[in-house]
>>> print(open('my_file_13.pdb').read())   # PDB, C-alpha atoms
ATOM      1  CA  MET O 962      10.750  12.971  31.287
ATOM      2  CA  GLN O 963      12.930  11.423  33.957
ATOM      3  CA  ALA O 964      15.532  10.553  31.329
ATOM      4  CA  LEU O 965      15.648  14.221  30.263
ATOM      5  CA  ILE O 966      16.154  15.233  33.889
ATOM      6  CA  ASP O 967      18.898  12.615  34.347
ATOM      7  CA  ALA O 968      20.647  13.866  31.208
ATOM      8  CA  ALA O 969      20.566  17.485  32.376
ATOM      9  CA  GLU O 970      21.861  16.563  35.814
ATOM     10  CA  ALA O 971      24.668  14.617  34.103
ATOM     11  CA  GLY O 972      25.771  17.806  32.356
ATOM     12  CA  LYS O 973      24.154  17.288  28.954
ATOM     13  CA  GLN O 974      22.525  20.181  27.134
ATOM     14  CA  VAL O 975      18.784  19.498  27.137
ATOM     15  CA  LEU O 976      16.008  21.474  25.471
ATOM     16  CA  ALA O 977      12.361  20.571  26.086
ATOM     17  CA  LEU O 978       9.382  22.244  24.493
ATOM     18  CA  VAL O 979       6.370  21.866  26.780
ATOM     19  CA  GLU O 980       2.909  22.525  25.346
ATOM     20  CA  VAL O 981       0.890  24.091  28.145
ATOM     21  CA  LYS O 982      -2.366  23.956  26.157
ATOM     22  CA  ALA O 983      -2.322  20.161  25.993
ATOM     23  CA  ARG O 984      -5.874  18.898  26.323
ATOM     24  CA  PHE O 985      -6.380  16.957  29.582
ATOM     25  CA  ASP O 986      -2.663  17.386  30.467
ATOM     26  CA  GLU O 987      -2.276  21.109  31.207
ATOM     27  CA  ALA O 988      -1.677  20.776  34.971
ATOM     28  CA  ASN O 989       0.566  17.736  34.534
ATOM     29  CA  ASN O 990       2.684  19.494  31.910
ATOM     30  CA  ILE O 991       3.166  22.540  34.145
ATOM     31  CA  VAL O 992       4.381  20.297  36.983
ATOM     32  CA  TRP O 993       6.832  18.561  34.657
ATOM     33  CA  ALA O 994       8.033  21.889  33.248
ATOM     34  CA  ARG O 995       8.950  23.046  36.756
ATOM     35  CA  LYS O 996      10.781  19.784  37.461
ATOM     36  CA  LEU O 997      12.691  20.089  34.181
ATOM     37  CA  GLU O 998      13.697  23.687  34.868
ATOM     38  CA  LYS O 999      14.843  22.785  38.379
ATOM     39  CA  ALA O1000      17.125  20.123  36.874
ATOM     40  CA  GLY O1001      18.683  22.622  34.493
ATOM     41  CA  VAL O1002      16.721  21.784  31.347
ATOM     42  CA  HIS O1003      16.149  24.677  28.957
ATOM     43  CA  VAL O1004      12.337  24.711  28.853
ATOM     44  CA  VAL O1005      10.499  26.655  26.145
ATOM     45  CA  TYR O1006       6.779  26.974  25.554
ATOM     46  CA  GLY O1007       6.514  27.331  21.800
ATOM     47  CA  LEU O1008       5.594  30.229  19.578
ATOM     48  CA  VAL O1009       3.044  32.846  20.585
ATOM     49  CA  GLY O1010      -0.362  32.167  19.037
ATOM     50  CA  LEU O1011       0.524  28.679  17.793
ATOM     51  CA  LYS O1012      -0.088  25.417  19.618
ATOM     52  CA  THR O1013       2.765  22.936  19.255
ATOM     53  CA  HIS O1014       1.249  19.623  18.161
ATOM     54  CA  CYS O1015       4.188  17.936  16.378
ATOM     55  CA  LYS O1016       5.837  14.939  18.071
ATOM     56  CA  LEU O1017       9.611  15.214  17.786
ATOM     57  CA  ALA O1018      12.712  14.036  19.609
ATOM     58  CA  LEU O1019      16.380  14.542  18.739
ATOM     59  CA  VAL O1020      19.551  13.274  20.392
ATOM     60  CA  ILE O1021      22.917  14.477  19.085
ATOM     61  CA  ARG O1022      25.983  12.486  20.156
ATOM     62  CA  GLU O1023      29.648  12.682  19.354
ATOM     63  CA  GLU O1024      30.763   9.309  18.038
ATOM     64  CA  ASP O1025      34.228   8.580  16.642
ATOM     65  CA  GLY O1026      35.006  12.259  16.414
ATOM     66  CA  ARG O1027      31.844  13.295  14.575
ATOM     67  CA  LEU O1028      28.311  14.298  15.492
ATOM     68  CA  ARG O1029      25.524  11.808  14.868
ATOM     69  CA  HIS O1030      21.816  12.624  14.953
ATOM     70  CA  TYR O1031      19.226  10.213  16.361
ATOM     71  CA  SER O1032      15.850  11.543  15.219
ATOM     72  CA  HIS O1033      12.304  10.512  16.010
ATOM     73  CA  VAL O1034       9.247  11.928  14.243
ATOM     74  CA  GLY O1035       5.959  10.410  15.325
ATOM     75  CA  THR O1036       2.212  10.540  14.899
ATOM     76  CA  GLY O1037       1.468   9.952  18.599
ATOM     77  CA  ASN O1038       2.115  11.718  21.873
ATOM     78  CA  TYR O1039       4.933  10.805  24.240
ATOM     79  CA  ASN O1040       2.320   9.611  26.714
ATOM     80  CA  PRO O1041       2.516   6.218  28.476
ATOM     81  CA  LYS O1042      -1.266   5.922  28.785
ATOM     82  CA  THR O1043      -2.350   6.703  25.239
ATOM     83  CA  SER O1044       0.542   4.688  23.798
ATOM     84  CA  ARG O1045      -1.197   1.547  25.062
ATOM     85  CA  ILE O1046      -4.535   2.244  23.363
ATOM     86  CA  TYR O1047      -3.688   4.433  20.341
ATOM     87  CA  GLU O1048      -2.468   3.131  16.986
ATOM     88  CA  ASP O1049       0.500   5.244  15.905
ATOM     89  CA  PHE O1050       3.700   5.252  13.874
ATOM     90  CA  GLY O1051       7.103   6.760  14.484
ATOM     91  CA  LEU O1052      10.205   7.051  12.321
ATOM     92  CA  PHE O1053      13.416   6.563  14.312
ATOM     93  CA  THR O1054      16.441   7.258  12.131
ATOM     94  CA  THR O1055      20.067   8.356  12.019
ATOM     95  CA  ASP O1056      19.552   9.909   8.572
ATOM     96  CA  ALA O1057      21.709  13.029   8.508
ATOM     97  CA  GLN O1058      19.201  15.136   6.559
ATOM     98  CA  VAL O1059      16.356  14.403   8.975
ATOM     99  CA  GLY O1060      18.729  15.297  11.806
ATOM    100  CA  LYS O1061      19.616  18.616  10.169
ATOM    101  CA  ASP O1062      15.934  19.402   9.572
ATOM    102  CA  LEU O1063      15.032  18.672  13.188
ATOM    103  CA  THR O1064      17.983  20.688  14.473
ATOM    104  CA  ARG O1065      16.809  23.684  12.453
ATOM    105  CA  LEU O1066      13.187  23.180  13.532
ATOM    106  CA  PHE O1067      14.069  22.965  17.235
ATOM    107  CA  ASN O1068      16.198  26.090  16.866
ATOM    108  CA  GLU O1069      13.247  27.916  15.343
ATOM    109  CA  LEU O1070      10.791  26.600  17.942
ATOM    110  CA  SER O1071      13.039  27.901  20.697
ATOM    111  CA  GLY O1072      13.465  31.188  18.836
ATOM    112  CA  TYR O1073      10.878  33.375  17.205
ATOM    113  CA  ALA O1074       9.275  31.891  14.094
ATOM    114  CA  ILE O1075       9.056  29.062  11.583
ATOM    115  CA  GLU O1076      10.481  30.535   8.398
ATOM    116  CA  LYS O1077      12.670  28.124   6.502
ATOM    117  CA  LYS O1078      11.694  25.245   4.266
ATOM    118  CA  PHE O1079      12.998  21.761   5.045
ATOM    119  CA  LYS O1080      14.335  18.904   2.920
ATOM    120  CA  ARG O1081      12.549  15.889   4.522
ATOM    121  CA  LEU O1082       9.845  17.663   6.527
ATOM    122  CA  LEU O1083       6.612  19.458   5.725
ATOM    123  CA  VAL O1084       5.961  21.914   8.560
ATOM    124  CA  ALA O1085       2.802  23.881   9.386
ATOM    125  CA  PRO O1086       1.649  26.591   9.427
ATOM    126  CA  LEU O1087       3.676  27.900   6.467
ATOM    127  CA  HIS O1088       4.498  24.946   4.232
ATOM    128  CA  LEU O1089       2.446  21.846   5.063
ATOM    129  CA  ARG O1090      -0.807  22.607   3.236
ATOM    130  CA  LYS O1091       1.084  24.015   0.248
ATOM    131  CA  GLY O1092       3.281  20.914   0.117
ATOM    132  CA  LEU O1093       0.345  18.499   0.204
ATOM    133  CA  VAL O1094      -1.611  20.448  -2.445
ATOM    134  CA  ARG O1095       1.485  20.395  -4.653
ATOM    135  CA  LEU O1096       1.773  16.601  -4.265
ATOM    136  CA  ILE O1097      -1.942  16.145  -4.988
ATOM    137  CA  ASN O1098      -1.718  18.348  -8.091
ATOM    138  CA  THR O1099       1.294  16.371  -9.322
ATOM    139  CA  GLU O1100      -0.755  13.167  -9.178
ATOM    140  CA  ALA O1101      -3.512  14.879 -11.190
ATOM    141  CA  LYS O1102      -0.944  16.016 -13.758
ATOM    142  CA  ASN O1103       0.412  12.467 -14.019
ATOM    143  CA  ALA O1104      -3.089  11.053 -14.519
ATOM    144  CA  ARG O1105      -3.815  13.499 -17.330
ATOM    145  CA  ALA O1106      -0.515  12.441 -18.951
ATOM    146  CA  GLY O1107      -1.614   8.789 -18.848
ATOM    147  CA  LYS O1108       0.788   7.854 -16.052
ATOM    148  CA  PRO O1109      -0.194   5.744 -13.010
ATOM    149  CA  ALA O1110      -1.524   7.985 -10.254
ATOM    150  CA  HIS O1111      -2.744   7.141  -6.766
ATOM    151  CA  ILE O1112      -3.339   9.166  -3.589
ATOM    152  CA  ARG O1113      -3.800   7.538  -0.171
ATOM    153  CA  ILE O1114      -4.463   9.594   2.952
ATOM    154  CA  LYS O1115      -5.103   8.398   6.507
ATOM    155  CA  VAL O1116      -6.191  11.043   9.020
ATOM    156  CA  ASN O1117      -8.369  11.563  12.067
ATOM    157  CA  SER O1118     -10.352  14.360  10.386
ATOM    158  CA  MET O1119     -10.787  15.611   6.818
ATOM    159  CA  VAL O1120     -12.436  19.040   6.699
ATOM    160  CA  ASP O1121      -9.980  21.495   5.106
ATOM    161  CA  GLU O1122     -11.619  22.965   1.988
ATOM    162  CA  GLU O1123      -8.397  23.570   0.069
ATOM    163  CA  ILE O1124      -7.227  19.979   0.533
ATOM    164  CA  ILE O1125     -10.694  18.583  -0.295
ATOM    165  CA  ASP O1126     -10.998  20.715  -3.440
ATOM    166  CA  ALA O1127      -7.559  19.528  -4.576
ATOM    167  CA  LEU O1128      -8.646  15.916  -4.036
ATOM    168  CA  TYR O1129     -11.829  16.516  -6.046
ATOM    169  CA  ARG O1130      -9.762  17.937  -8.917
ATOM    170  CA  ALA O1131      -7.431  14.936  -8.767
ATOM    171  CA  SER O1132     -10.382  12.539  -8.823
ATOM    172  CA  ALA O1133     -11.883  14.343 -11.820
ATOM    173  CA  ALA O1134      -8.512  14.026 -13.563
ATOM    174  CA  GLY O1135      -8.628  10.247 -13.096
ATOM    175  CA  VAL O1136      -6.537   9.785  -9.941
ATOM    176  CA  LYS O1137      -7.570   6.916  -7.674
ATOM    177  CA  VAL O1138      -8.033   8.499  -4.232
ATOM    178  CA  ASP O1139      -8.292   6.372  -1.075
ATOM    179  CA  ILE O1140      -9.196   8.150   2.168
ATOM    180  CA  TRP O1141      -8.975   6.350   5.529
ATOM    181  CA  VAL O1142     -10.534   8.579   8.165
ATOM    182  CA  ARG O1143     -11.439   7.927  11.778
ATOM    183  CA  GLY O1144     -13.677  10.866  12.612
ATOM    184  CA  ILE O1145     -15.075  13.918  10.864
ATOM    185  CA  CYS O1146     -15.122  13.780   7.059
ATOM    186  CA  SER O1147     -16.509  16.661   4.983
ATOM    187  CA  LEU O1148     -15.394  15.071   1.724
ATOM    188  CA  ARG O1149     -18.223  13.522  -0.312
ATOM    189  CA  ALA O1150     -17.802  10.267  -2.219
ATOM    190  CA  ASP O1151     -21.072  10.547  -4.204
ATOM    191  CA  LEU O1152     -20.610  13.569  -6.478
ATOM    192  CA  PRO O1153     -20.912  12.530 -10.174
ATOM    193  CA  GLY O1154     -17.997  13.739 -12.250
ATOM    194  CA  VAL O1155     -16.233  15.038  -9.147
ATOM    195  CA  SER O1156     -15.601  12.210  -6.675
ATOM    196  CA  ASP O1157     -16.068   9.174  -8.928
ATOM    197  CA  ASN O1158     -12.559   7.939  -8.112
ATOM    198  CA  ILE O1159     -12.710   8.590  -4.363
ATOM    199  CA  THR O1160     -13.199   5.802  -1.811
ATOM    200  CA  VAL O1161     -13.620   6.574   1.889
ATOM    201  CA  ARG O1162     -13.288   4.000   4.677
ATOM    202  CA  SER O1163     -13.237   4.138   8.468
ATOM    203  CA  ILE O1164     -11.953   1.474  10.854
ATOM    204  CA  LEU O1165     -13.101   1.350  14.468
ATOM    205  CA  GLY O1166     -11.801  -1.275  16.856
ATOM    206  CA  ARG O1167     -10.047  -2.032  20.092
ATOM    207  CA  TYR O1168      -7.395   0.608  19.444
ATOM    208  CA  LEU O1169      -8.002   4.235  18.532
ATOM    209  CA  GLU O1170      -6.723   4.824  14.991
ATOM    210  CA  HIS O1171      -4.482   7.860  15.446
ATOM    211  CA  SER O1172      -1.685   7.793  12.858
ATOM    212  CA  ARG O1173      -1.613  10.116   9.859
ATOM    213  CA  ILE O1174      -0.247   8.788   6.558
ATOM    214  CA  PHE O1175       0.037  10.604   3.217
ATOM    215  CA  ALA O1176       1.118   8.529   0.209
ATOM    216  CA  PHE O1177       1.461   9.575  -3.420
ATOM    217  CA  ALA O1178       2.410   7.256  -6.316
ATOM    218  CA  GLY O1179       4.954   9.774  -7.616
ATOM    219  CA  ASP O1180       5.254   8.218 -11.085
ATOM    220  CA  GLY O1181       7.154   5.250  -9.665
ATOM    221  CA  ASP O1182       8.921   7.192  -6.905
ATOM    222  CA  PRO O1183       6.469   6.966  -3.970
ATOM    223  CA  GLN O1184       6.235  10.057  -1.808
ATOM    224  CA  VAL O1185       5.131   8.775   1.610
ATOM    225  CA  TYR O1186       4.847  10.881   4.764
ATOM    226  CA  ILE O1187       3.797  10.277   8.360
ATOM    227  CA  GLY O1188       3.226  12.886  11.032
ATOM    228  CA  SER O1189       0.989  14.760  13.404
ATOM    229  CA  ALA O1190      -1.337  16.818  11.211
ATOM    230  CA  ASP O1191      -5.016  16.326  10.524
ATOM    231  CA  MET O1192      -6.664  18.072   7.585
ATOM    232  CA  MET O1193      -8.273  20.806   9.660
ATOM    233  CA  HIS O1194      -7.851  24.593   9.791
ATOM    234  CA  ARG O1195      -6.537  24.463  13.332
ATOM    235  CA  ASN O1196      -3.805  21.978  12.379
ATOM    236  CA  LEU O1197      -2.752  23.635   9.142
ATOM    237  CA  ASP O1198      -3.057  27.294  10.172
ATOM    238  CA  ARG O1199      -2.809  27.574  13.961
ATOM    239  CA  ARG O1200      -0.467  24.774  15.028
ATOM    240  CA  ILE O1201       3.110  23.676  14.612
ATOM    241  CA  GLU O1202       2.799  20.338  12.815
ATOM    242  CA  ALA O1203       5.408  18.190  11.089
ATOM    243  CA  LEU O1204       5.293  15.424   8.514
ATOM    244  CA  VAL O1205       8.437  13.459   7.662
ATOM    245  CA  ARG O1206       9.018  11.677   4.380
ATOM    246  CA  VAL O1207       9.604   7.934   4.773
ATOM    247  CA  THR O1208      12.191   6.755   2.241
ATOM    248  CA  SER O1209      13.180   3.213   3.259
ATOM    249  CA  PRO O1210      11.661   0.820   0.674
ATOM    250  CA  GLU O1211      10.759  -1.602   3.478
ATOM    251  CA  HIS O1212       8.954   1.109   5.450
ATOM    252  CA  VAL O1213       7.152   2.379   2.343
ATOM    253  CA  ASP O1214       6.017  -1.164   1.490
ATOM    254  CA  ASP O1215       4.757  -1.699   5.056
ATOM    255  CA  LEU O1216       2.661   1.470   4.993
ATOM    256  CA  LEU O1217       1.242   0.847   1.518
ATOM    257  CA  THR O1218       0.444  -2.781   2.371
ATOM    258  CA  LEU O1219      -1.387  -1.620   5.483
ATOM    259  CA  PHE O1220      -3.369   0.795   3.346
ATOM    260  CA  ASP O1221      -4.247  -1.930   0.828
ATOM    261  CA  LEU O1222      -5.589  -4.088   3.663
ATOM    262  CA  ALA O1223      -7.593  -1.215   5.150
ATOM    263  CA  MET O1224      -9.289  -0.440   1.838
ATOM    264  CA  ASP O1225      -9.866  -4.100   0.914
ATOM    265  CA  ASP O1226     -13.510  -5.198   0.805
ATOM    266  CA  GLN O1227     -12.565  -8.268   2.863
ATOM    267  CA  THR O1228     -11.567  -6.034   5.810
ATOM    268  CA  SER O1229     -14.167  -5.063   8.384
ATOM    269  CA  SER O1230     -14.768  -1.316   8.064
ATOM    270  CA  TRP O1231     -17.322   1.443   7.605
ATOM    271  CA  HIS O1232     -17.971   2.678   4.043
ATOM    272  CA  LEU O1233     -18.962   6.259   3.214
ATOM    273  CA  GLY O1234     -21.780   6.264   0.684
ATOM    274  CA  ALA O1235     -24.505   8.444  -0.796
ATOM    275  CA  GLU O1236     -25.723  11.463   1.179
ATOM    276  CA  GLY O1237     -22.796  11.086   3.576
ATOM    277  CA  VAL O1238     -24.230   7.927   5.146
ATOM    278  CA  TRP O1239     -21.809   5.432   6.721
ATOM    279  CA  THR O1240     -22.549   1.710   6.366
ATOM    280  CA  ARG O1241     -20.856  -0.995   8.393
ATOM    281  CA  HIS O1242     -19.331  -3.931   6.484
ATOM    282  CA  SER O1243     -18.324  -6.626   8.982
ATOM    283  CA  ILE O1244     -19.466  -9.977   7.504
ATOM    284  CA  ASP O1245     -19.115 -11.605   4.081
ATOM    285  CA  ALA O1246     -21.830 -13.111   1.885
ATOM    286  CA  ALA O1247     -21.696 -16.350   3.898
ATOM    287  CA  GLY O1248     -22.136 -14.511   7.182
ATOM    288  CA  ASP O1249     -18.536 -15.013   8.319
ATOM    289  CA  PRO O1250     -16.630 -12.171  10.004
ATOM    290  CA  LEU O1251     -14.411 -10.074   7.753
ATOM    291  CA  ARG O1252     -10.722  -9.510   8.488
ATOM    292  CA  ASP O1253      -9.972  -7.505  11.641
ATOM    293  CA  LEU O1254      -7.157  -5.185  10.558
ATOM    294  CA  GLN O1255      -6.068  -4.278  14.087
ATOM    295  CA  ASP O1256      -5.840  -7.921  15.171
ATOM    296  CA  GLU O1257      -3.843  -8.769  12.052
ATOM    297  CA  THR O1258      -1.505  -5.811  12.620
ATOM    298  CA  MET O1259      -0.875  -6.800  16.242
ATOM    299  CA  ASN O1260      -0.200 -10.407  15.208
ATOM    300  CA  ASN O1261       2.377  -9.151  12.697
ATOM    301  CA  VAL O1262       4.032  -7.070  15.429
ATOM    302  CA  ARG O1263       4.249 -10.122  17.697
ATOM    303  CA  ARG O1264       5.698 -12.268  14.895
ATOM    304  CA  ARG O1265       8.376  -9.682  14.175
ATOM    305  CA  LYS O1266       9.203  -9.431  17.857
ATOM    306  CA  ARG O1267       9.588 -13.227  18.137
ATOM    307  CA  SER O1268      11.717 -13.267  15.003
ATOM    308  CA  ARG O1269      14.076 -10.606  16.369
ATOM    309  CA  THR O1270      14.280 -12.433  19.720
ATOM    310  CA  ALA O1271      15.149 -15.689  17.952
ATOM    311  CA  ARG O1272      18.032 -13.997  16.118
TER     312      ARG O1272
END
>>> encode(input="my_file_13.pdb", output="structure tokens")
Amino acid sequence: MQALIDAAEAGKQVLALVEVKARFDEANNIVWARKLEKAGVHVVYGLVGLKTHCKLALVIREEDGRLRHYSHVGTGNYNPKTSRIYEDFGLFTTDAQVGKDLTRLFNELSGYAIEKKFKRLLVAPLHLRKGLVRLINTEAKNARAGKPAHIRIKVNSMVDEEIIDALYRASAAGVKVDIWVRGICSLRADLPGVSDNITVRSILGRYLEHSRIFAFAGDGDPQVYIGSADMMHRNLDRRIEALVRVTSPEHVDDLLTLFDLAMDDQTSSWHLGAEGVWTRHSIDAAGDPLRDLQDETMNNVRRRKRSRTAR
């Protein structure tokens, strides 16, 4: 926030969308909004009737005579407290198409409505559910054609009927469906002929699992998204949410590898079984602790950090 104020006072054009209805942060956000306005920042408060829940940042700079976009689309809030205890992902990129999409989205958020479709984004409330259902149906079509098909979804909550029904249809068509959910899950994994190919896991640990990942096999062209939306009516119908497609092969591999580890039987997790009952799986047949995914992830982060420092 201070950097935005510094930029405005230095003569840069700064737009900040402040969500007043931010749970636990309403008063704090109002204070910051007043400070931003005093510094000359153009402060907007979103669209009437829709809470703004997407996590977006965009910096446009002139470099060597041309404009360059620095875009960030995340799954977590720009909050120094939760960033220490929440597990989240963010895509930081200079990809021109993502920059154009974010420019258009910010223009619409500071205007009147979300109307246009985007090239690398799925945006609620108009296009996100439709886009996900289309991707799910494509996997079902591929499975019926004998092609490899796989759906992997990581969310905080899974309760939207239209998404769940699409997943049931995909499962019945032969698609392997892996669901990694932290909280509420209305999807059943014990319906014969309906959810035979659906596996549901939950991981609870030191950090609060908060990222949202949507991955589709895509007949060899993986369609992988990260973003802010849970599969709930409020997110898909009454909020501004954004998912961004991740295209870097390295990033795609990282996310899919993480998913493989989360769903592996050697990873400590909770399994959703018959009658909606969750069962904890934390030790192997010999009584030894199973893999702690969060510890392993943090160790990988530290190794990468040391490797970059060494270079």
>>> axis_aligned_box(input="my_file_13.pdb", around="stretch 1138-1142 of chain O", padding_each_side="3 Å", output="lines of an AutoDock Vina configuration file")
center_x = -9.3
center_y = 7.5
center_z = 2.0
size_x = 8.5
size_y = 8.2
size_z = 18.4
>>> closest_residue(input="my_file_13.pdb", among="O:Ser1032, O:Ser1189, O:Ser1172, O:Asn1260", to="O:Leu1083", atoms="all atoms listed in the file")
O:Ser1189
>>> resolve_selection(input="my_file_13.pdb", expression="the PyMOL selection byres ((chain O and resi 1128) around 9)", output="JSON, numbers by chain")
{"O": [1094, 1097, 1098, 1101, 1112, 1123, 1124, 1125, 1126, 1127, 1129, 1130, 1131, 1132, 1133, 1136, 1138, 1148, 1156, 1159]}
>>> residues_around(input="my_file_13.pdb", residues="O:Arg1206", least_positions_apart="3", cutoff="10 Å", atoms="all atoms listed in the file", output="list in words")
Val1034, Leu1052, Val1059, Lys1080, Arg1081, Leu1082, Leu1083, Ile1174, Phe1175, Ala1176, Pro1183, Gln1184, Val1185, Tyr1186, Ile1187, Gly1188, Ser1209 and Val1213 of chain O
>>> write_last_selection(input="my_file_13.pdb", atoms="C-alpha atoms", output="PDB file, keeping the file's coordinate frame")
ATOM      1  CA  VAL O1034       9.247  11.928  14.243  1.00  0.00           C
ATOM      2  CA  LEU O1052      10.205   7.051  12.321  1.00  0.00           C
ATOM      3  CA  VAL O1059      16.356  14.403   8.975  1.00  0.00           C
ATOM      4  CA  LYS O1080      14.335  18.904   2.920  1.00  0.00           C
ATOM      5  CA  ARG O1081      12.549  15.889   4.522  1.00  0.00           C
ATOM      6  CA  LEU O1082       9.845  17.663   6.527  1.00  0.00           C
ATOM      7  CA  LEU O1083       6.612  19.458   5.725  1.00  0.00           C
ATOM      8  CA  ILE O1174      -0.247   8.788   6.558  1.00  0.00           C
ATOM      9  CA  PHE O1175       0.037  10.604   3.217  1.00  0.00           C
ATOM     10  CA  ALA O1176       1.118   8.529   0.209  1.00  0.00           C
ATOM     11  CA  PRO O1183       6.469   6.966  -3.970  1.00  0.00           C
ATOM     12  CA  GLN O1184       6.235  10.057  -1.808  1.00  0.00           C
ATOM     13  CA  VAL O1185       5.131   8.775   1.610  1.00  0.00           C
ATOM     14  CA  TYR O1186       4.847  10.881   4.764  1.00  0.00           C
ATOM     15  CA  ILE O1187       3.797  10.277   8.360  1.00  0.00           C
ATOM     16  CA  GLY O1188       3.226  12.886  11.032  1.00  0.00           C
ATOM     17  CA  SER O1209      13.180   3.213   3.259  1.00  0.00           C
ATOM     18  CA  VAL O1213       7.152   2.379   2.343  1.00  0.00           C
TER      19      VAL O1213
END
>>> closest_residue(input="my_file_13.pdb", among="O:Val1155, O:Ile1021, O:Leu1011, O:Arg1105", to="O:Ala1085", atoms="all atoms listed in the file")
O:Leu1011
>>> resolve_selection(input="my_file_13.pdb", expression="the PyMOL selection byres ((chain O and resi 1029-1031) around 6)", output="list in words")
Leu1019, Val1020, Ile1021, Arg1022, Leu1028, Ser1032, Thr1054, Thr1055 and Gly1060 of chain O
>>> resolve_selection(input="my_file_13.pdb", expression="the PyMOL selection byres ((chain O and resi 1000) around 10)", output="list in words")
Leu965, Ile966, Asp967, Ala968, Ala969, Glu970, Ala971, Val975, Ala994, Arg995, Lys996, Leu997, Glu998, Lys999, Gly1001, Val1002 and His1003 of chain O
>>> write_last_selection(input="my_file_13.pdb", atoms="C-alpha atoms", output="CSV table (one decimal), in the coordinates of the input")
chain,number,residue,atom,x,y,z
O,965,LEU,CA,15.6,14.2,30.3
O,966,ILE,CA,16.2,15.2,33.9
O,967,ASP,CA,18.9,12.6,34.3
O,968,ALA,CA,20.6,13.9,31.2
O,969,ALA,CA,20.6,17.5,32.4
O,970,GLU,CA,21.9,16.6,35.8
O,971,ALA,CA,24.7,14.6,34.1
O,975,VAL,CA,18.8,19.5,27.1
O,994,ALA,CA,8.0,21.9,33.2
O,995,ARG,CA,9.0,23.0,36.8
O,996,LYS,CA,10.8,19.8,37.5
O,997,LEU,CA,12.7,20.1,34.2
O,998,GLU,CA,13.7,23.7,34.9
O,999,LYS,CA,14.8,22.8,38.4
O,1001,GLY,CA,18.7,22.6,34.5
O,1002,VAL,CA,16.7,21.8,31.3
O,1003,HIS,CA,16.1,24.7,29.0
>>> closest_residue(input="my_file_13.pdb", among="O:Val992, O:Leu1216, O:Val1009, O:Val1142", to="O:Arg1199", atoms="all atoms listed in the file")
O:Val1009
>>> closest_residue(input="my_file_13.pdb", among="O:Glu1170, O:Leu1152, O:Ile1145, O:Gly1181", to="O:Lys1108", atoms="all atoms listed in the file")
O:Gly1181
>>> atom_distance(input="my_file_13.pdb", atom1="atom CA of O:Arg1167", atom2="atom CA of O:Ser1243")
14.6 Å
>>> closest_residue(input="my_file_13.pdb", among="O:Ile1244, O:Arg1272, O:Ala977, O:Asp1198", to="O:Lys1091", atoms="all atoms listed in the file")
O:Asp1198
>>> decode(input="my_file_13.pdb", residues="stretch 1017-1028 of chain O", atoms="N, CA and C atoms", output="PDB file, in the first residue's frame")
ATOM      1  N   LEU O1017      -5.344  -9.371  -8.064  1.00  0.00           N
ATOM      2  CA  LEU O1017      -4.693  -8.948  -9.302  1.00  0.00           C
ATOM      3  C   LEU O1017      -3.820  -7.730  -9.071  1.00  0.00           C
ATOM      4  N   ALA O1018      -2.702  -7.678  -9.782  1.00  0.00           N
ATOM      5  CA  ALA O1018      -1.854  -6.493  -9.786  1.00  0.00           C
ATOM      6  C   ALA O1018      -1.261  -6.335 -11.185  1.00  0.00           C
ATOM      7  N   LEU O1019      -1.140  -5.090 -11.626  1.00  0.00           N
ATOM      8  CA  LEU O1019      -0.612  -4.813 -12.965  1.00  0.00           C
ATOM      9  C   LEU O1019       0.218  -3.537 -12.933  1.00  0.00           C
ATOM     10  N   VAL O1020       1.439  -3.646 -13.431  1.00  0.00           N
ATOM     11  CA  VAL O1020       2.311  -2.477 -13.593  1.00  0.00           C
ATOM     12  C   VAL O1020       2.654  -2.358 -15.077  1.00  0.00           C
ATOM     13  N   ILE O1021       2.411  -1.193 -15.643  1.00  0.00           N
ATOM     14  CA  ILE O1021       2.736  -0.949 -17.053  1.00  0.00           C
ATOM     15  C   ILE O1021       3.851   0.080 -17.111  1.00  0.00           C
ATOM     16  N   ARG O1022       4.961  -0.287 -17.757  1.00  0.00           N
ATOM     17  CA  ARG O1022       6.129   0.595 -17.840  1.00  0.00           C
ATOM     18  C   ARG O1022       6.527   0.775 -19.297  1.00  0.00           C
ATOM     19  N   GLU O1023       7.060   1.947 -19.570  1.00  0.00           N
ATOM     20  CA  GLU O1023       7.645   2.179 -20.891  1.00  0.00           C
ATOM     21  C   GLU O1023       9.107   1.786 -20.836  1.00  0.00           C
ATOM     22  N   GLU O1024       9.472   0.826 -21.667  1.00  0.00           N
ATOM     23  CA  GLU O1024      10.859   0.349 -21.713  1.00  0.00           C
ATOM     24  C   GLU O1024      11.318   0.298 -23.162  1.00  0.00           C
ATOM     25  N   ASP O1025      12.408   0.971 -23.458  1.00  0.00           N
ATOM     26  CA  ASP O1025      12.967   0.987 -24.816  1.00  0.00           C
ATOM     27  C   ASP O1025      11.918   1.414 -25.848  1.00  0.00           C
ATOM     28  N   GLY O1026      11.129   2.398 -25.475  1.00  0.00           N
ATOM     29  CA  GLY O1026      10.176   2.948 -26.417  1.00  0.00           C
ATOM     30  C   GLY O1026       8.886   2.168 -26.580  1.00  0.00           C
ATOM     31  N   ARG O1027       8.682   1.134 -25.767  1.00  0.00           N
ATOM     32  CA  ARG O1027       7.424   0.381 -25.866  1.00  0.00           C
ATOM     33  C   ARG O1027       6.900   0.079 -24.474  1.00  0.00           C
ATOM     34  N   LEU O1028       5.595  -0.196 -24.402  1.00  0.00           N
ATOM     35  CA  LEU O1028       4.970  -0.500 -23.124  1.00  0.00           C
ATOM     36  C   LEU O1028       5.130  -1.980 -22.791  1.00  0.00           C
TER      37      LEU O1028
END
